[in-house]
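Enquirer: I am sharing data.cif, which consists of mmCIF, C-alpha atoms:
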data_data
#
loop_
_atom_site.label_atom_id
_atom_site.label_comp_id
_atom_site.auth_asym_id
_atom_site.auth_seq_id
_atom_site.Cartn_x
_atom_site.Cartn_y
_atom_site.Cartn_z
CA MET A 1 -35.54 -50.60 93.91
CA MET A 2 -38.64 -49.16 92.41
CA LYS A 3 -38.42 -47.34 88.99
CA ASN A 4 -39.65 -43.81 88.90
CA TYR A 5 -41.90 -43.30 85.76
CA SER A 6 -42.97 -39.81 86.68
CA GLY A 7 -39.75 -37.97 85.76
CA GLY A 8 -37.43 -39.06 88.46
CA SER A 9 -33.77 -38.01 88.49
CA LEU A 10 -32.52 -41.11 86.62
CA LEU A 11 -33.23 -41.90 82.92
CA ASN A 12 -32.30 -44.83 80.70
CA ASN A 13 -28.77 -46.11 81.26
CA GLY A 14 -28.52 -43.84 84.18
CA GLN A 15 -28.24 -40.64 82.05
CA THR A 16 -29.53 -37.39 83.38
CA PRO A 17 -30.97 -34.53 81.31
CA ASN A 18 -27.63 -32.77 81.68
CA HIS A 19 -25.86 -35.72 80.05
CA ILE A 20 -28.25 -35.56 77.16
CA ARG A 21 -27.65 -31.85 76.66
CA GLU A 22 -23.87 -32.37 76.69
CA ARG A 23 -24.13 -35.19 74.14
CA ASN A 24 -26.38 -33.12 71.88
CA GLY A 25 -23.95 -30.26 72.22
CA ARG A 26 -21.06 -32.51 71.13
CA LYS A 27 -23.11 -33.70 68.15
CA CYS A 28 -23.76 -30.15 67.10
CA THR A 29 -20.11 -29.26 67.44
CA SER A 30 -19.09 -32.33 65.50
CA GLY A 31 -21.59 -31.47 62.74
CA GLY A 32 -20.29 -27.91 62.50
CA GLY A 33 -16.76 -29.19 62.15
CA GLY A 34 -17.88 -31.44 59.28
CA LEU A 35 -19.49 -28.52 57.50
CA LEU A 36 -16.34 -26.46 58.01
CA ARG A 37 -14.16 -29.22 56.54
CA VAL A 38 -16.44 -29.49 53.48
CA SER A 39 -16.31 -25.71 52.95
CA LEU A 40 -12.50 -25.65 53.03
CA ARG A 41 -12.36 -28.52 50.55
CA GLY A 42 -14.77 -26.75 48.21
CA TYR A 43 -12.82 -23.51 48.52
CA GLY A 44 -9.61 -25.30 47.58
CA PHE A 45 -11.29 -26.92 44.60
CA CYS A 46 -12.59 -23.56 43.40
CA MET A 47 -9.18 -21.90 43.75
CA GLY A 48 -7.53 -24.76 41.90
CA ALA A 49 -10.05 -24.56 39.08
CA LEU A 50 -9.53 -20.80 38.87
CA PHE A 51 -5.75 -21.25 38.65
CA VAL A 52 -6.11 -23.85 35.92
CA PHE A 53 -8.46 -21.57 33.97
CA CYS A 54 -6.14 -18.57 34.28
CA PHE A 55 -3.08 -20.58 33.31
CA GLY A 56 -4.92 -22.17 30.40
CA SER A 57 -6.22 -18.79 29.26
CA LEU A 58 -2.71 -17.33 29.35
CA PHE A 59 -1.30 -20.29 27.44
CA TYR A 60 -4.09 -20.01 24.86
CA GLN A 61 -3.51 -16.31 24.37
CA LEU A 62 0.19 -16.86 23.84
CA ASN A 63 -0.52 -19.56 21.29
CA GLY A 64 -3.40 -18.29 19.23
CA GLY A 65 -5.43 -15.55 20.80
CA PRO A 66 -7.90 -14.81 23.56
CA PRO A 67 -10.63 -17.26 24.59
CA GLN A 68 -13.69 -17.23 22.35
CA ILE A 69 -15.91 -16.04 25.17
CA LEU A 70 -13.81 -12.89 25.49
CA LEU A 71 -14.02 -12.35 21.76
CA ASP A 72 -17.80 -12.73 21.93
CA ILE A 73 -18.05 -10.27 24.79
CA ARG A 74 -15.74 -7.83 23.00
CA GLN A 75 -17.82 -8.07 19.85
CA TYR A 76 -21.00 -7.44 21.84
CA LEU A 77 -19.66 -4.58 23.95
CA GLY A 78 -17.12 -3.20 21.50
CA ASP A 79 -13.41 -2.59 22.01
CA SER A 80 -13.88 0.67 23.88
CA THR A 81 -12.59 0.84 27.44
CA PHE A 82 -12.86 3.48 30.14
CA GLN A 83 -9.45 4.85 29.19
CA ASP A 84 -10.36 4.86 25.51
CA ASP A 85 -13.35 7.04 26.32
CA HIS A 86 -11.48 9.43 28.62
CA GLN A 87 -8.02 9.73 27.08
CA SER A 88 -6.64 10.40 23.60
CA PHE A 89 -4.66 7.55 22.07
CA ALA A 90 -2.76 7.20 18.83
CA THR A 91 -4.76 5.97 15.85
CA ARG A 92 -4.71 2.21 15.50
CA VAL A 93 -2.88 1.21 12.35
CA LEU A 94 -2.05 -1.83 10.30
CA THR A 95 0.80 -4.15 11.18
CA PHE A 96 4.14 -2.53 10.45
CA PRO A 97 5.50 -3.81 7.12
CA SER A 98 9.29 -3.84 7.02
CA GLN A 99 9.75 -4.25 3.24
CA VAL A 100 8.28 -1.60 0.91
CA VAL A 101 8.88 -1.18 -2.83
CA TYR A 102 7.94 1.96 -4.74
CA ASN A 103 8.37 1.08 -8.44
CA ARG A 104 7.84 4.68 -9.42
CA VAL A 105 6.29 5.60 -12.76
CA GLY A 106 8.23 8.19 -14.74
CA LYS A 107 6.95 11.78 -14.69
CA CYS A 108 4.33 11.04 -12.03
CA GLY A 109 5.81 13.16 -9.27
CA SER A 110 8.35 10.53 -8.27
CA ARG A 111 11.27 12.95 -7.84
CA THR A 112 9.11 15.06 -5.55
CA VAL A 113 8.22 11.99 -3.50
CA VAL A 114 11.81 10.72 -3.38
CA MET A 115 13.02 14.08 -2.01
CA LEU A 116 10.33 13.76 0.64
CA LEU A 117 11.37 10.18 1.42
CA LYS A 118 14.95 11.26 2.06
CA LEU A 119 13.77 13.59 4.80
CA LEU A 120 11.42 10.98 6.24
CA ALA A 121 14.14 8.31 6.28
CA GLU A 122 16.31 10.53 8.45
CA ARG A 123 13.43 11.24 10.78
CA HIS A 124 12.07 7.68 11.14
CA HIS A 125 15.29 5.71 10.72
CA PHE A 126 14.39 3.38 7.88
CA ASN A 127 16.72 2.43 5.05
CA LEU A 128 15.92 4.27 1.83
CA VAL A 129 17.54 2.83 -1.28
CA SER A 130 16.86 4.86 -4.42
CA SER A 131 18.25 3.32 -7.60
CA GLU A 132 20.07 5.55 -10.06
CA ILE A 133 19.00 3.34 -13.00
CA HIS A 134 16.31 5.22 -14.89
CA ASN A 135 16.14 3.59 -18.34
CA LYS A 136 16.02 -0.12 -17.54
CA THR A 137 12.45 -0.99 -16.66
CA ARG A 138 12.27 -4.41 -18.36
CA LEU A 139 14.41 -7.24 -17.12
CA SER A 140 15.28 -10.77 -18.13
CA LYS A 141 14.49 -13.56 -15.68
CA HIS A 142 18.07 -13.61 -14.48
CA GLU A 143 18.06 -9.85 -13.97
CA GLN A 144 14.78 -10.09 -12.08
CA ILE A 145 16.14 -12.69 -9.66
CA THR A 146 19.31 -10.66 -9.15
CA LEU A 147 17.37 -7.49 -8.38
CA MET A 148 14.91 -9.27 -6.07
CA THR A 149 17.82 -10.80 -4.15
CA GLN A 150 19.43 -7.38 -3.80
CA ILE A 151 16.18 -5.84 -2.59
CA THR A 152 15.44 -8.48 0.03
CA SER A 153 19.02 -8.28 1.36
CA ILE A 154 18.55 -4.62 2.40
CA PRO A 155 18.48 -4.31 6.21
CA GLU A 156 14.91 -3.91 7.44
CA PRO A 157 12.94 -1.75 7.65
CA PHE A 158 13.58 -0.47 4.15
CA LEU A 159 11.92 1.33 1.27
CA TYR A 160 13.34 0.59 -2.18
CA THR A 161 12.49 2.77 -5.15
CA ARG A 162 13.30 2.48 -8.85
CA HIS A 163 11.77 2.99 -12.29
CA VAL A 164 11.03 -0.67 -12.98
CA HIS A 165 8.04 -2.68 -14.10
CA PHE A 166 6.29 -4.78 -11.46
CA LEU A 167 8.34 -7.71 -10.11
CA ASN A 168 6.44 -10.79 -9.00
CA PHE A 169 8.57 -12.02 -6.10
CA THR A 170 6.29 -14.95 -5.28
CA SER A 171 6.66 -16.46 -8.75
CA PHE A 172 10.34 -16.98 -7.84
CA LYS A 173 9.45 -18.20 -4.33
CA ILE A 174 10.71 -15.00 -2.69
CA GLU A 175 8.68 -13.15 -0.06
CA GLN A 176 6.61 -10.41 -1.69
CA PRO A 177 7.16 -6.90 -0.27
CA VAL A 178 4.49 -4.25 0.10
CA TYR A 179 4.07 -2.21 -3.10
CA LEU A 180 2.96 1.40 -3.51
CA ASN A 181 2.91 3.82 -6.44
CA ILE A 182 1.49 7.07 -7.82
CA ILE A 183 0.19 7.79 -11.33
CA ARG A 184 -1.27 10.82 -13.06
CA ASP A 185 -3.54 11.79 -15.93
CA PRO A 186 -1.98 10.02 -18.97
CA ILE A 187 -2.00 13.06 -21.29
CA ASN A 188 -0.44 15.26 -18.60
CA ARG A 189 2.19 12.59 -17.97
CA PHE A 190 2.97 12.37 -21.68
CA LEU A 191 3.28 16.16 -22.07
CA SER A 192 5.53 16.41 -19.02
CA ASN A 193 7.78 13.66 -20.35
CA TYR A 194 7.88 15.12 -23.89
CA PHE A 195 9.14 18.52 -22.77
CA PHE A 196 11.32 17.20 -19.95
CA ARG A 197 13.30 15.07 -22.39
CA ARG A 198 14.05 18.20 -24.35
CA PHE A 199 14.37 21.01 -21.84
CA GLY A 200 14.53 19.53 -18.33
CA ASP A 201 13.27 21.39 -15.29
CA PHE A 202 14.05 24.46 -13.23
CA ARG A 203 17.35 23.00 -12.09
CA GLY A 204 18.67 24.43 -15.34
CA GLU A 205 18.47 23.60 -19.02
CA GLN A 206 22.23 23.21 -19.32
CA TYR A 207 22.14 20.53 -16.65
CA HIS A 208 19.57 18.60 -18.64
CA LEU A 209 21.38 18.95 -21.96
CA LYS A 210 24.13 16.83 -20.47
CA ARG A 211 21.64 13.98 -20.10
CA THR A 212 20.54 14.07 -23.74
CA PRO A 213 23.73 14.99 -25.63
CA ASN A 214 22.81 12.92 -28.70
CA MET A 215 19.44 14.58 -29.32
CA LYS A 216 19.57 16.62 -32.50
CA ASP A 217 18.06 20.08 -32.69
CA GLU A 218 15.32 19.02 -35.12
CA GLU A 219 14.15 16.48 -32.55
CA ARG A 220 14.62 18.74 -29.55
CA TYR A 221 12.56 21.55 -31.04
CA LEU A 222 9.98 19.36 -32.79
CA ASP A 223 6.50 20.85 -32.39
CA ILE A 224 4.40 18.45 -30.33
CA ASN A 225 1.40 18.90 -32.63
CA VAL A 226 3.48 17.73 -35.57
CA CYS A 227 4.74 14.80 -33.52
CA ILE A 228 1.18 13.69 -32.72
CA LEU A 229 -0.64 14.44 -35.95
CA GLU A 230 2.09 13.09 -38.23
CA ASN A 231 2.38 9.93 -36.19
CA TYR A 232 5.99 10.18 -35.05
CA ALA A 233 7.19 7.15 -33.08
CA GLU A 234 7.54 9.14 -29.86
CA CYS A 235 3.89 10.17 -29.98
CA SER A 236 2.39 6.81 -31.02
CA ASN A 237 1.91 3.36 -29.62
CA PRO A 238 3.66 1.47 -28.19
CA ARG A 239 5.75 4.40 -26.87
CA ILE A 240 2.78 6.10 -25.24
CA PHE A 241 1.54 2.81 -23.75
CA TYR A 242 3.56 3.62 -20.67
CA ILE A 243 1.75 3.47 -17.32
CA ILE A 244 0.10 0.05 -17.59
CA PRO A 245 3.36 -1.95 -18.01
CA TYR A 246 4.56 -0.66 -14.62
CA PHE A 247 1.72 -2.59 -13.03
CA CYS A 248 1.31 -5.44 -15.50
CA GLY A 249 4.83 -6.74 -14.97
CA GLN A 250 7.76 -8.20 -16.85
CA HIS A 251 5.92 -10.45 -19.29
CA PRO A 252 6.52 -9.31 -22.91
CA LYS A 253 2.76 -9.09 -23.49
CA CYS A 254 2.64 -6.36 -20.83
CA ARG A 255 4.16 -3.97 -23.37
CA GLU A 256 1.54 -4.66 -26.01
CA PRO A 257 -1.41 -2.20 -25.85
CA GLY A 258 -4.50 -4.30 -25.24
CA VAL A 259 -6.97 -5.85 -22.83
CA TRP A 260 -4.59 -8.57 -21.62
CA ALA A 261 -2.06 -6.13 -20.21
CA LEU A 262 -4.81 -3.86 -18.86
CA GLU A 263 -6.59 -6.61 -16.92
CA ARG A 264 -3.39 -8.07 -15.55
CA ALA A 265 -2.32 -4.62 -14.36
CA LYS A 266 -5.65 -4.18 -12.56
CA GLN A 267 -5.32 -7.57 -10.90
CA ASN A 268 -1.79 -6.84 -9.71
CA VAL A 269 -2.98 -3.57 -8.18
CA LEU A 270 -5.74 -5.33 -6.24
CA GLU A 271 -3.52 -8.19 -5.06
CA ASN A 272 -0.10 -6.62 -4.48
CA TYR A 273 -0.38 -2.86 -3.90
CA LEU A 274 -1.17 -1.31 -0.56
CA LEU A 275 -1.90 1.99 -2.28
CA VAL A 276 -1.79 3.49 -5.77
CA GLY A 277 -2.52 7.20 -5.55
CA ILE A 278 -3.03 9.89 -8.16
CA LEU A 279 -0.73 12.87 -8.43
CA GLU A 280 -3.63 15.29 -8.86
CA GLU A 281 -4.51 14.60 -5.21
CA LEU A 282 -0.99 14.25 -3.79
CA GLU A 283 -1.85 15.75 -0.40
CA ASP A 284 -4.55 13.12 0.08
CA VAL A 285 -2.06 10.45 -1.02
CA LEU A 286 0.31 11.58 1.72
CA LEU A 287 -2.50 11.59 4.29
CA LEU A 288 -3.39 8.01 3.40
CA LEU A 289 0.25 6.94 3.54
CA GLU A 290 0.53 8.48 6.99
CA ARG A 291 -2.44 6.39 8.07
CA LEU A 292 -1.40 3.15 6.36
CA LEU A 293 2.39 3.32 6.84
CA PRO A 294 2.93 5.63 9.84
CA GLN A 295 6.37 4.17 10.57
CA TYR A 296 7.50 5.56 7.22
CA PHE A 297 5.27 8.54 6.48
CA THR A 298 4.25 10.18 9.75
CA GLY A 299 4.63 13.93 9.28
CA ALA A 300 4.93 13.65 5.48
CA LEU A 301 2.21 16.19 4.76
CA ASP A 302 3.65 18.75 7.17
CA ILE A 303 7.05 18.44 5.50
CA TYR A 304 5.51 18.64 2.04
CA LYS A 305 3.61 21.85 2.90
CA GLY A 306 6.60 23.43 4.66
CA PRO A 307 8.28 26.45 3.03
CA ASP A 308 11.71 24.83 2.69
CA TYR A 309 10.35 21.80 0.90
CA MET A 310 8.13 23.90 -1.34
CA LYS A 311 11.23 25.67 -2.64
CA MET A 312 12.89 22.35 -3.48
CA GLY A 313 9.71 20.98 -5.04
CA LYS A 314 9.49 23.83 -7.54
CA LEU A 315 12.83 22.76 -9.02
CA THR A 316 11.25 19.59 -10.39
CA SER A 317 8.69 21.41 -12.55
CA THR A 318 9.16 20.86 -16.30
CA VAL A 319 9.95 23.97 -18.32
CA ARG A 320 8.80 25.13 -21.76
CA LYS A 321 5.66 23.01 -21.55
CA TYR A 322 2.57 24.02 -23.52
CA THR A 323 -0.76 22.40 -24.40
CA PRO A 324 -1.26 20.90 -27.88
CA THR A 325 -4.19 21.84 -30.10
CA LEU A 326 -7.63 20.33 -29.58
CA GLU A 327 -7.21 18.13 -32.64
CA ALA A 328 -3.87 16.80 -31.37
CA LEU A 329 -5.36 16.16 -27.91
CA GLN A 330 -8.23 14.21 -29.42
CA VAL A 331 -5.87 12.04 -31.45
CA LEU A 332 -3.67 11.46 -28.39
CA TYR A 333 -6.64 10.62 -26.18
CA HIS A 334 -7.90 7.90 -28.53
CA ARG A 335 -4.45 6.42 -28.81
CA MET A 336 -4.29 6.25 -25.00
CA SER A 337 -7.71 4.66 -24.45
CA TYR A 338 -6.28 1.74 -22.43
CA GLU A 339 -4.17 4.10 -20.35
CA TYR A 340 -7.26 6.13 -19.51
CA GLU A 341 -9.29 3.07 -18.60
CA PHE A 342 -6.55 2.09 -16.17
CA TYR A 343 -6.23 5.63 -14.81
CA ASN A 344 -9.97 5.83 -14.15
CA PHE A 345 -9.84 2.45 -12.41
CA ILE A 346 -7.02 3.64 -10.15
CA ARG A 347 -8.81 6.92 -9.40
CA ASP A 348 -11.99 5.05 -8.41
CA GLN A 349 -10.03 2.68 -6.18
CA PHE A 350 -8.21 5.60 -4.58
CA HIS A 351 -11.44 7.45 -3.84
CA LEU A 352 -12.94 4.26 -2.44
CA MET A 353 -10.03 3.87 -0.03
CA LYS A 354 -10.38 7.49 1.05
CA ARG A 355 -14.01 6.86 1.95
CA LYS A 356 -13.12 3.68 3.85
CA ILE A 357 -10.43 5.46 5.84
CA GLY A 358 -12.80 8.33 6.53
CA LEU A 359 -10.77 10.97 4.72
CA LYS A 360 -13.25 13.76 4.10
CA SER A 361 -11.37 15.69 1.45
CA GLN A 362 -12.72 17.15 -1.73
CA ALA A 363 -11.81 15.09 -4.81
CA ARG A 364 -10.44 17.25 -7.58
CA PRO A 365 -11.86 17.10 -11.09
CA PRO A 366 -9.77 15.32 -13.75
CA ALA A 367 -6.98 17.26 -15.40
CA PHE A 368 -8.98 17.17 -18.64
CA THR A 369 -12.75 17.02 -18.86
CA HIS A 370 -12.76 14.42 -21.59
CA GLU A 371 -16.20 15.09 -23.03
CA PHE A 372 -14.70 17.27 -25.74
CA LEU A 373 -12.10 14.59 -26.51
CA HIS A 374 -14.83 12.15 -27.56
CA GLU A 375 -16.14 14.40 -30.29
CA LEU A 376 -13.91 12.90 -32.97
CA ALA A 377 -14.06 9.12 -33.28
CA ILE A 378 -10.46 8.67 -34.33
CA GLY A 379 -9.16 5.13 -34.45
CA THR A 380 -5.88 4.24 -32.81
CA PRO A 381 -3.28 3.49 -35.50
CA GLU A 382 -1.47 0.19 -35.62
CA PRO A 383 1.41 -0.05 -33.11
CA LEU A 384 4.78 0.89 -34.46
CA GLU A 385 7.89 -1.17 -33.96
CA GLU A 386 9.68 0.01 -30.85
CA ASP A 387 13.35 0.80 -31.32
CA GLU A 388 14.52 1.84 -27.87
CA GLU A 389 15.15 -0.01 -24.64
CA MET A 390 15.26 -3.29 -26.58
CA ASP A 391 16.44 -6.03 -24.25
CA THR A 392 17.90 -8.94 -26.18
CA ALA A 393 18.06 -11.00 -23.01
CA LEU A 394 14.27 -11.25 -22.86
CA GLU A 395 13.10 -14.78 -23.48
CA ASP A 396 10.31 -15.91 -25.75
CA ALA A 397 6.85 -15.05 -24.44
CA ASN A 398 5.78 -18.69 -24.39
CA SER A 399 8.41 -19.49 -21.78
CA TRP A 400 7.01 -17.00 -19.27
CA PRO A 401 4.50 -18.02 -16.60
CA ILE A 402 1.21 -16.22 -17.18
CA GLN A 403 -0.50 -15.42 -13.89
CA MET A 404 -3.92 -13.94 -14.37
#
Would you mind writing the structure in this file as structure tokens?

Expert:
Amino acid sequence: MMKNYSGGSLLNNGQTPNHIRERNGRKCTSGGGGLLRVSLRGYGFCMGALFVFCFGSLFYQLNGGPPQILLDIRQYLGDSTFQDDHQSFATRVLTFPSQVVYNRVGKCGSRTVVMLLKLLAERHHFNLVSSEIHNKTRLSKHEQITLMTQITSIPEPFLYTRHVHFLNFTSFKIEQPVYLNIIRDPINRFLSNYFFRRFGDFRGEQYHLKRTPNMKDEERYLDINVCILENYAECSNPRIFYIIPYFCGQHPKCREPGVWALERAKQNVLENYLLVGILEELEDVLLLLERLLPQYFTGALDIYKGPDYMKMGKLTSTVRKYTPTLEALQVLYHRMSYEYEFYNFIRDQFHLMKRKIGLKSQARPPAFTHEFLHELAIGTPEPLEEDEEMDTALEDANSWPIQM
């Protein structure tokens, strides 16, 4: 048989053009199936990787926070979301502290604040424990430990308040609570205390006479100018060195007027107090407390400015109070130089916090414009021996840990 080279019907191995097309078709189909199998395998790999990433991200968030890339994106774009921009949300606040101590300074509006706290405790369901001990501010080590144990055993959340000098819980390896306090212009505080001891407040003079039954008439009706200018113990150091020890602490040196107690008090304020306000700007103090401790103080300012509370607040005003002469004020101011340095420090810190929070209120001028008090350069007399509130249980100063 002759071979046909001109495109006869038979090709190599007897295959026709149709056979070739069928074979090529099968190859194409087979190739498409291979590509399909590769795509399914890649899809499965991608889904598996995505699952591992999501699971790992969830595990990481539960054990330390969001992935760094999300933090970077959040820092670049900000925390704002669509809902943040189109809805009103509650102000973001600090973590809720469940242990708060208000070691209130005498005659600095503390009774006004405690009355307010009683109403707030009912509204916000926290435990308010207000000590009835008013004349025991300095404690031995044993008494400190006992009181700290009592405080920390109060069911949380709680707010404990008492006239007591600063307690350093951490020095006894006890968890430190959040501290807050309020102070006022030192001369105003002294005048309020001087007349309150003698005549009380608008709750009634007879009520107050029961609290000071041993005070003789010559002491009760002693002119405050005589007390200051003739250097009576009540109007001299260390009696008038009063505010700083509340922040300095329980060390015996905290009761000695001087730089040591002043600097330690400042350090304790910076390290242990969430807020120390000034009574002259009490409404701003309440606004800041609402912002910093909303679980305790939300609505405090509204209650304070309400008519019912205003009536109760007037009962705490000291009666029969009058201003000493200029000469007596100048003498008193120079004796209280450390107290005023601390007060000015607290006022500056308070105003700084108001600016940080964004509280756009008008700061009031000081109770006294002290330029006229500087006219006489009167030296502070030597401290007198203190004869009240002596605690024989206090140990020698050298045995106390000094934490500067």

Enquirer: Between A:Ile240, A:Leu359, A:Ile303, A:Ala265, single out the one closest to Arg291 of chain A, counting all atoms listed in the file.

Expert: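 Among the listed residues, the smallest separation from Arg291 of chain A belongs to A:Leu359.
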
Enquirer: Please report the interatomic distance between atom CA of Lys136 of chain A and atom CA of Glu280 of chain A in Å with one decimal.

Expert: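 Those two atoms sit 26.4 Å apart.
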
Enquirer: Suppose you want the space between atom CA of Asn127 of chain A and atom CA of Leu286 of chain A; what is it in Å?

Expert: 19.1 Å

Enquirer: A:Glu327, A:Glu283, A:Glu341, A:Glu290: which is nearest Leu229 of chain A, counting only C-alpha atoms?

Expert: A:Glu327

Enquirer: Just how far from atom CA of Val285 of chain A is atom CA of Gly299 of chain A, in Å to one decimal?

Expert: 12.8 Å

Enquirer: Can you list, as a ChimeraX atom specification, every protein, DNA or RNA residue that comes within 9 Å of Tyr343 of chain A when you count only C-alpha atoms, leaving out same-chain residues fewer than 5 positions away?

Expert: /A:183-186,243-244,278,338,348
